[in-house]
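Asks: Just one file: upload-v7.cif, with mmCIF, C-alpha atoms; chains and numbers go by the auth columns.
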```cif
data_structure
loop_
_atom_site.group_PDB
_atom_site.id
_atom_site.type_symbol
_atom_site.label_atom_id
_atom_site.label_comp_id
_atom_site.label_asym_id
_atom_site.label_seq_id
_atom_site.Cartn_x
_atom_site.Cartn_y
_atom_site.Cartn_z
_atom_site.B_iso_or_equiv
_atom_site.auth_seq_id
_atom_site.auth_asym_id
ATOM 1 C CA MET A 1 112.800 104.801 86.211 0.00 1 V
ATOM 2 C CA ASN A 2 111.300 101.394 86.737 0.00 2 V
ATOM 3 C CA GLU A 3 111.666 100.275 90.339 0.00 3 V
ATOM 4 C CA ARG A 4 110.922 96.635 89.542 0.00 4 V
ATOM 5 C CA ASP A 5 112.571 93.796 87.667 0.00 5 V
ATOM 6 C CA SER A 6 112.442 93.807 83.903 0.00 6 V
ATOM 7 C CA ALA A 7 109.761 91.955 81.978 0.00 7 V
ATOM 8 C CA PRO A 8 109.940 88.152 81.806 0.00 8 V
ATOM 9 C CA GLY A 9 111.260 86.180 78.863 0.00 9 V
ATOM 10 C CA GLY A 10 111.333 87.778 75.458 0.00 10 V
ATOM 11 C CA LEU A 11 109.321 90.754 76.685 0.00 11 V
ATOM 12 C CA ALA A 12 112.538 92.028 78.262 0.00 12 V
ATOM 13 C CA LEU A 13 113.740 92.739 74.715 0.00 13 V
ATOM 14 C CA VAL A 14 110.571 94.693 73.898 0.00 14 V
ATOM 15 C CA GLU A 15 110.731 96.611 77.182 0.00 15 V
ATOM 16 C CA ALA A 16 114.395 97.455 76.644 0.00 16 V
ATOM 17 C CA LEU A 17 113.737 98.666 73.097 0.00 17 V
ATOM 18 C CA VAL A 18 110.876 100.947 74.158 0.00 18 V
ATOM 19 C CA ASN A 19 113.081 102.312 76.942 0.00 19 V
ATOM 20 C CA THR A 20 115.883 103.357 74.584 0.00 20 V
ATOM 21 C CA LEU A 21 114.241 106.780 74.403 0.00 21 V
ATOM 22 C CA ASP A 22 114.025 109.014 77.479 0.00 22 V
ATOM 23 C CA VAL A 23 110.927 111.045 76.558 0.00 23 V
ATOM 24 C CA GLU A 24 111.639 113.703 79.181 0.00 24 V
ATOM 25 C CA THR A 25 115.180 114.517 78.035 0.00 25 V
ATOM 26 C CA GLY A 26 115.056 113.291 74.439 0.00 26 V
ATOM 27 C CA ALA A 27 118.152 111.128 75.004 0.00 27 V
ATOM 28 C CA ASP A 28 118.100 108.151 72.644 0.00 28 V
ATOM 29 C CA THR A 29 120.497 105.307 73.371 0.00 29 V
ATOM 30 C CA LEU A 30 120.091 104.151 69.763 0.00 30 V
ATOM 31 C CA ASP A 31 122.290 107.175 68.967 0.00 31 V
ATOM 32 C CA THR A 32 125.199 105.403 70.649 0.00 32 V
ATOM 33 C CA ALA A 33 127.338 102.468 69.552 0.00 33 V
ATOM 34 C CA GLU A 34 126.546 100.671 72.830 0.00 34 V
ATOM 35 C CA GLY A 35 122.814 101.179 72.325 0.00 35 V
ATOM 36 C CA CYS A 36 122.969 99.752 68.818 0.00 36 V
ATOM 37 C CA ALA A 37 125.136 96.847 69.952 0.00 37 V
ATOM 38 C CA ALA A 38 122.602 95.917 72.643 0.00 38 V
ATOM 39 C CA PHE A 39 120.110 95.140 69.863 0.00 39 V
ATOM 40 C CA ALA A 40 122.643 93.948 67.258 0.00 40 V
ATOM 41 C CA LEU A 41 121.794 96.909 65.036 0.00 41 V
ATOM 42 C CA ALA A 42 123.925 98.308 62.252 0.00 42 V
ATOM 43 C CA GLU A 43 123.709 102.049 61.593 0.00 43 V
ATOM 44 C CA PRO A 44 121.357 101.627 58.593 0.00 44 V
ATOM 45 C CA ASP A 45 118.931 99.631 60.819 0.00 45 V
ATOM 46 C CA VAL A 46 118.463 102.414 63.394 0.00 46 V
ATOM 47 C CA PRO A 47 115.658 104.376 61.664 0.00 47 V
ATOM 48 C CA ALA A 48 113.553 101.217 61.303 0.00 48 V
ATOM 49 C CA ALA A 49 114.261 100.314 64.942 0.00 49 V
ATOM 50 C CA ARG A 50 112.974 103.740 66.014 0.00 50 V
ATOM 51 C CA VAL A 51 109.761 103.250 64.036 0.00 51 V
ATOM 52 C CA LEU A 52 109.329 99.808 65.631 0.00 52 V
ATOM 53 C CA ARG A 53 110.034 101.275 69.087 0.00 53 V
ATOM 54 C CA GLU A 54 107.322 103.915 68.748 0.00 54 V
ATOM 55 C CA ALA A 55 104.761 101.420 67.401 0.00 55 V
ATOM 56 C CA LEU A 56 105.509 99.219 70.428 0.00 56 V
ATOM 57 C CA ARG A 57 105.153 102.224 72.750 0.00 57 V
ATOM 58 C CA GLU A 58 101.689 102.940 71.304 0.00 58 V
ATOM 59 C CA VAL A 59 100.515 99.369 71.883 0.00 59 V
ATOM 60 C CA CYS A 60 101.950 99.286 75.413 0.00 60 V
ATOM 61 C CA LEU A 61 100.188 102.582 76.098 0.00 61 V
ATOM 62 C CA ALA A 62 96.955 100.938 74.954 0.00 62 V
ATOM 63 C CA HIS A 63 97.680 98.018 77.322 0.00 63 V
ATOM 64 C CA ALA A 64 97.677 100.566 80.142 0.00 64 V
ATOM 65 C CA GLY A 65 94.304 101.888 78.994 0.00 65 V
ATOM 66 C CA HIS A 66 95.669 105.099 77.488 0.00 66 V
ATOM 67 C CA ARG A 67 95.375 105.243 73.756 0.00 67 V
ATOM 68 C CA ASP A 68 96.804 108.098 71.737 0.00 68 V
ATOM 69 C CA GLU A 69 94.983 109.124 68.576 0.00 69 V
ATOM 70 C CA GLY A 70 97.458 107.262 66.367 0.00 70 V
ATOM 71 C CA GLU A 71 97.344 104.031 64.444 0.00 71 V
ATOM 72 C CA GLY A 72 98.949 102.142 67.338 0.00 72 V
ATOM 73 C CA ASP A 73 98.593 98.402 66.989 0.00 73 V
ATOM 74 C CA PHE A 74 97.807 98.697 63.276 0.00 74 V
ATOM 75 C CA ALA A 75 101.237 100.245 62.702 0.00 75 V
ATOM 76 C CA LEU A 76 102.803 97.471 64.763 0.00 76 V
ATOM 77 C CA ASP A 77 100.801 94.884 62.850 0.00 77 V
ATOM 78 C CA ARG A 78 102.142 96.213 59.542 0.00 78 V
ATOM 79 C CA LEU A 79 105.712 96.245 60.865 0.00 79 V
ATOM 80 C CA LEU A 80 105.527 92.690 62.200 0.00 80 V
ATOM 81 C CA ALA A 81 103.849 91.349 59.050 0.00 81 V
ATOM 82 C CA GLY A 82 107.230 91.231 57.338 0.00 82 V
ATOM 83 C CA ALA A 83 108.983 89.388 60.154 0.00 83 V
ATOM 84 C CA PRO A 84 110.341 86.104 58.798 0.00 84 V
ATOM 85 C CA LEU A 85 109.197 83.495 61.342 0.00 85 V
ATOM 86 C CA ARG A 86 108.611 79.759 61.252 0.00 86 V
ATOM 87 C CA VAL A 87 106.953 77.276 63.574 0.00 87 V
ATOM 88 C CA THR A 88 109.313 74.897 65.338 0.00 88 V
ATOM 89 C CA VAL A 89 108.406 71.840 67.375 0.00 89 V
ATOM 90 C CA ASP A 90 110.767 70.424 70.010 0.00 90 V
ATOM 91 C CA ALA A 91 111.225 66.798 71.120 0.00 91 V
ATOM 92 C CA ALA A 92 108.480 67.190 73.734 0.00 92 V
ATOM 93 C CA GLY A 93 106.050 68.425 71.068 0.00 93 V
ATOM 94 C CA ALA A 94 105.992 72.057 72.197 0.00 94 V
ATOM 95 C CA ALA A 95 105.528 74.492 69.324 0.00 95 V
ATOM 96 C CA ALA A 96 107.058 77.963 69.101 0.00 96 V
ATOM 97 C CA LEU A 97 107.629 80.687 66.542 0.00 97 V
ATOM 98 C CA ARG A 98 111.276 81.251 65.714 0.00 98 V
ATOM 99 C CA PRO A 99 113.017 83.720 63.402 0.00 99 V
ATOM 100 C CA VAL A 100 113.950 82.201 60.038 0.00 100 V
ATOM 101 C CA GLU A 101 117.175 84.114 59.480 0.00 101 V
ATOM 102 C CA GLU A 102 120.395 83.729 61.439 0.00 102 V
ATOM 103 C CA PRO A 103 121.226 85.973 63.084 0.00 103 V
ATOM 104 C CA PRO A 104 117.618 87.099 63.386 0.00 104 V
ATOM 105 C CA GLY A 105 116.741 90.735 62.766 0.00 105 V
ATOM 106 C CA LEU A 106 115.227 92.911 65.469 0.00 106 V
ATOM 107 C CA THR A 107 111.723 92.820 63.984 0.00 107 V
ATOM 108 C CA ALA A 108 111.728 89.013 63.870 0.00 108 V
ATOM 109 C CA ARG A 109 113.003 88.794 67.462 0.00 109 V
ATOM 110 C CA VAL A 110 110.312 91.217 68.629 0.00 110 V
ATOM 111 C CA ALA A 111 107.595 89.336 66.696 0.00 111 V
ATOM 112 C CA ALA A 112 108.664 86.010 68.238 0.00 112 V
ATOM 113 C CA ALA A 113 108.726 87.584 71.721 0.00 113 V
ATOM 114 C CA ILE A 114 105.226 89.020 71.283 0.00 114 V
ATOM 115 C CA ALA A 115 103.876 85.707 69.981 0.00 115 V
ATOM 116 C CA ALA A 116 105.357 83.806 72.936 0.00 116 V
ATOM 117 C CA ALA A 117 104.114 86.395 75.446 0.00 117 V
ATOM 118 C CA SER A 118 100.633 86.303 73.907 0.00 118 V
ATOM 119 C CA ALA A 119 100.556 82.516 74.244 0.00 119 V
ATOM 120 C CA GLU A 120 101.695 82.826 77.873 0.00 120 V
ATOM 121 C CA GLY A 121 99.161 85.574 78.623 0.00 121 V
ATOM 122 C CA THR A 122 101.834 88.112 79.571 0.00 122 V
ATOM 123 C CA TRP A 123 101.841 90.440 76.533 0.00 123 V
ATOM 124 C CA ALA A 124 99.066 92.713 77.857 0.00 124 V
ATOM 125 C CA ARG A 125 101.017 93.272 81.083 0.00 125 V
ATOM 126 C CA LEU A 126 103.774 95.144 79.254 0.00 126 V
ATOM 127 C CA LYS A 127 102.637 98.749 79.601 0.00 127 V
ATOM 128 C CA VAL A 128 103.844 102.306 79.254 0.00 128 V
ATOM 129 C CA CYS A 129 103.741 104.812 82.101 0.00 129 V
ATOM 130 C CA GLU A 130 100.756 107.115 81.915 0.00 130 V
ATOM 131 C CA ALA A 131 102.904 110.179 82.734 0.00 131 V
ATOM 132 C CA ALA A 132 103.248 112.155 79.481 0.00 132 V
ATOM 133 C CA ASP A 133 106.774 113.262 80.423 0.00 133 V
ATOM 134 C CA CYS A 134 107.861 109.668 81.078 0.00 134 V
ATOM 135 C CA ARG A 135 106.264 106.986 78.847 0.00 135 V
ATOM 136 C CA TRP A 136 108.713 104.402 80.233 0.00 136 V
ATOM 137 C CA ALA A 137 107.817 100.762 79.567 0.00 137 V
ATOM 138 C CA TYR A 138 107.305 98.502 82.565 0.00 138 V
ATOM 139 C CA TYR A 139 105.951 95.047 83.270 0.00 139 V
ATOM 140 C CA ASP A 140 102.831 95.169 85.444 0.00 140 V
ATOM 141 C CA ARG A 141 103.197 92.543 88.159 0.00 141 V
ATOM 142 C CA SER A 142 100.340 93.874 90.286 0.00 142 V
ATOM 143 C CA PRO A 143 97.713 91.236 91.158 0.00 143 V
ATOM 144 C CA ALA A 144 94.904 93.084 89.356 0.00 144 V
ATOM 145 C CA GLY A 145 97.101 94.216 86.447 0.00 145 V
ATOM 146 C CA ARG A 146 96.074 97.848 86.885 0.00 146 V
ATOM 147 C CA ARG A 147 99.324 99.692 87.512 0.00 147 V
ATOM 148 C CA ARG A 148 99.365 103.139 85.928 0.00 148 V
ATOM 149 C CA TRP A 149 102.925 104.332 86.419 0.00 149 V
ATOM 150 C CA CYS A 150 106.375 102.853 85.970 0.00 150 V
ATOM 151 C CA SER A 151 107.247 104.001 89.470 0.00 151 V
ATOM 152 C CA MET A 152 104.791 104.888 92.212 0.00 152 V
ATOM 153 C CA SER A 153 107.531 106.739 94.081 0.00 153 V
ATOM 154 C CA VAL A 154 108.309 109.032 91.112 0.00 154 V
ATOM 155 C CA CYS A 155 105.632 109.254 88.412 0.00 155 V
ATOM 156 C CA GLY A 156 102.758 108.148 90.630 0.00 156 V
ATOM 157 C CA ALA A 157 103.728 110.568 93.384 0.00 157 V
ATOM 158 C CA ARG A 158 103.987 113.450 90.890 0.00 158 V
ATOM 159 C CA ALA A 159 100.546 112.667 89.443 0.00 159 V
ATOM 160 C CA LYS A 160 98.956 112.424 92.869 0.00 160 V
ATOM 161 C CA MET A 161 100.578 115.689 93.944 0.00 161 V
ATOM 162 C CA ARG A 162 99.261 117.439 90.791 0.00 162 V
ATOM 163 C CA THR A 163 95.760 116.145 91.544 0.00 163 V
ATOM 164 C CA TYR A 164 96.002 117.273 95.157 0.00 164 V
ATOM 165 C CA ARG A 165 97.215 120.750 94.160 0.00 165 V
ATOM 166 C CA ALA A 166 94.456 121.087 91.561 0.00 166 V
ATOM 167 C CA LYS A 167 91.824 120.305 94.193 0.00 167 V
ATOM 168 C CA ARG A 168 93.298 122.787 96.674 0.00 168 V
ATOM 169 C CA GLY A 169 94.022 125.555 94.201 0.00 169 V
#
```
Could you write out this file's structure as structure tokens?
Replies:
Amino acid sequence: MNERDSAPGGLALVEALVNTLDVETGADTLDTAEGCAAFALAEPDVPAARVLREALREVCLAHAGHRDEGEGDFALDRLLAGAPLRVTVDAAGAAALRPVEEPPGLTARVAAAIAAASAEGTWARLKVCEAADCRWAYYDRSPAGRRRWCSMSVCGARAKMRTYRAKRG
């Protein structure tokens, strides 16, 4: 549903993972071979990927200022605690967190992406649409960082129409 470009850098991975579930229809691309291949997941890894996806959705919902009554970032914190990462330093002296294992697992790739985005100041701009029937992840590129919906022309328009009808009715 997002009418804009995907998130920058490693956040594109996080955004894509959150958006593997269409909340409105219940369609889950992790149920397909193509969906699993996009994240280099084997069938036994799918349940853990779903748990990670929903913990990410909760944190991105909090980024948008809408917090469900769940554990949210604490659940994500517990999931990322086991991510095998190490600090690397390049020839120019720039430090980064990198997954230890090759090929890296999904949790380690997500943890490294979040760490890099936090350092760049972009992590909090990855949000989830406020529409309960959507919950699509999007990257907020608005100057003030206050976007509420993944798409103003779809979710935003629906919300504004509901508000208008409630006032008239």
Asks: Evaluate the PyMOL selection byres ((chain V and resi 39-50) around 8) against this structure - the residues, as a tab-separated table (two decimals) with C-alpha atoms, in the coordinates of the input, please.
Replies:
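File produced: result17.tsv:
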```
chain	number	residue	atom	x	y	z
V	17	LEU	CA	113.74	98.67	73.10
V	30	LEU	CA	120.09	104.15	69.76
V	35	GLY	CA	122.81	101.18	72.32
V	36	CYS	CA	122.97	99.75	68.82
V	37	ALA	CA	125.14	96.85	69.95
V	38	ALA	CA	122.60	95.92	72.64
V	51	VAL	CA	109.76	103.25	64.04
V	52	LEU	CA	109.33	99.81	65.63
V	53	ARG	CA	110.03	101.28	69.09
V	54	GLU	CA	107.32	103.92	68.75
V	106	LEU	CA	115.23	92.91	65.47
V	107	THR	CA	111.72	92.82	63.98
```
Asks: Have a look at CA of Ser6 (chain V) and CA of Trp136 (chain V) and let me know their distance in Å, one decimal.
Replies: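 So the answer is 11.8 Å.
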Asks: Mind checking which residues fall within 12 Å of Trp123 (chain V), counting all atoms listed in the file, ignoring those fewer than 2 positions away in the same chain, and posting them as an MDAnalysis selection string?
Replies: chainID V and resid 7:12 14:15 56 59:60 62:64 110:121 125:127 138:141 145
Asks: Would you write out, as a list of chain:residue names, every residue that the PyMOL selection byres ((chain V and resi 94-98) around 9) captures in this file?
Replies: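 Expected selection for the PyMOL selection byres ((chain V and resi 94-98) around 9) here is V:Pro84, V:Leu85, V:Arg86, V:Val87, V:Thr88, V:Val89, V:Asp90, V:Ala91, V:Ala92, V:Gly93, V:Pro99, V:Val100, V:Pro104, V:Ala108, V:Arg109, V:Ala111, V:Ala112, V:Ala113, V:Ala115, V:Ala116.
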Asks: Take CA of Val18 (chain V) and CA of Ala75 (chain V) and report the distance between them in Å, one decimal.
Replies: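 Separation between CA of Val18 (chain V) and CA of Ala75 (chain V): 15.0 Å.
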Asks: Please measure the separation of CA of Cys134 (chain V) and CA of Cys155 (chain V), giving the value in Å to one decimal.
Replies: 7.7 Å
Asks: If we count all atoms listed in the file, what is near Leu61 (chain V) at a cut-off of 10 Å, once residues fewer than 4 positions away on the same chain are taken out, given as a count of residues only?
Replies: 17
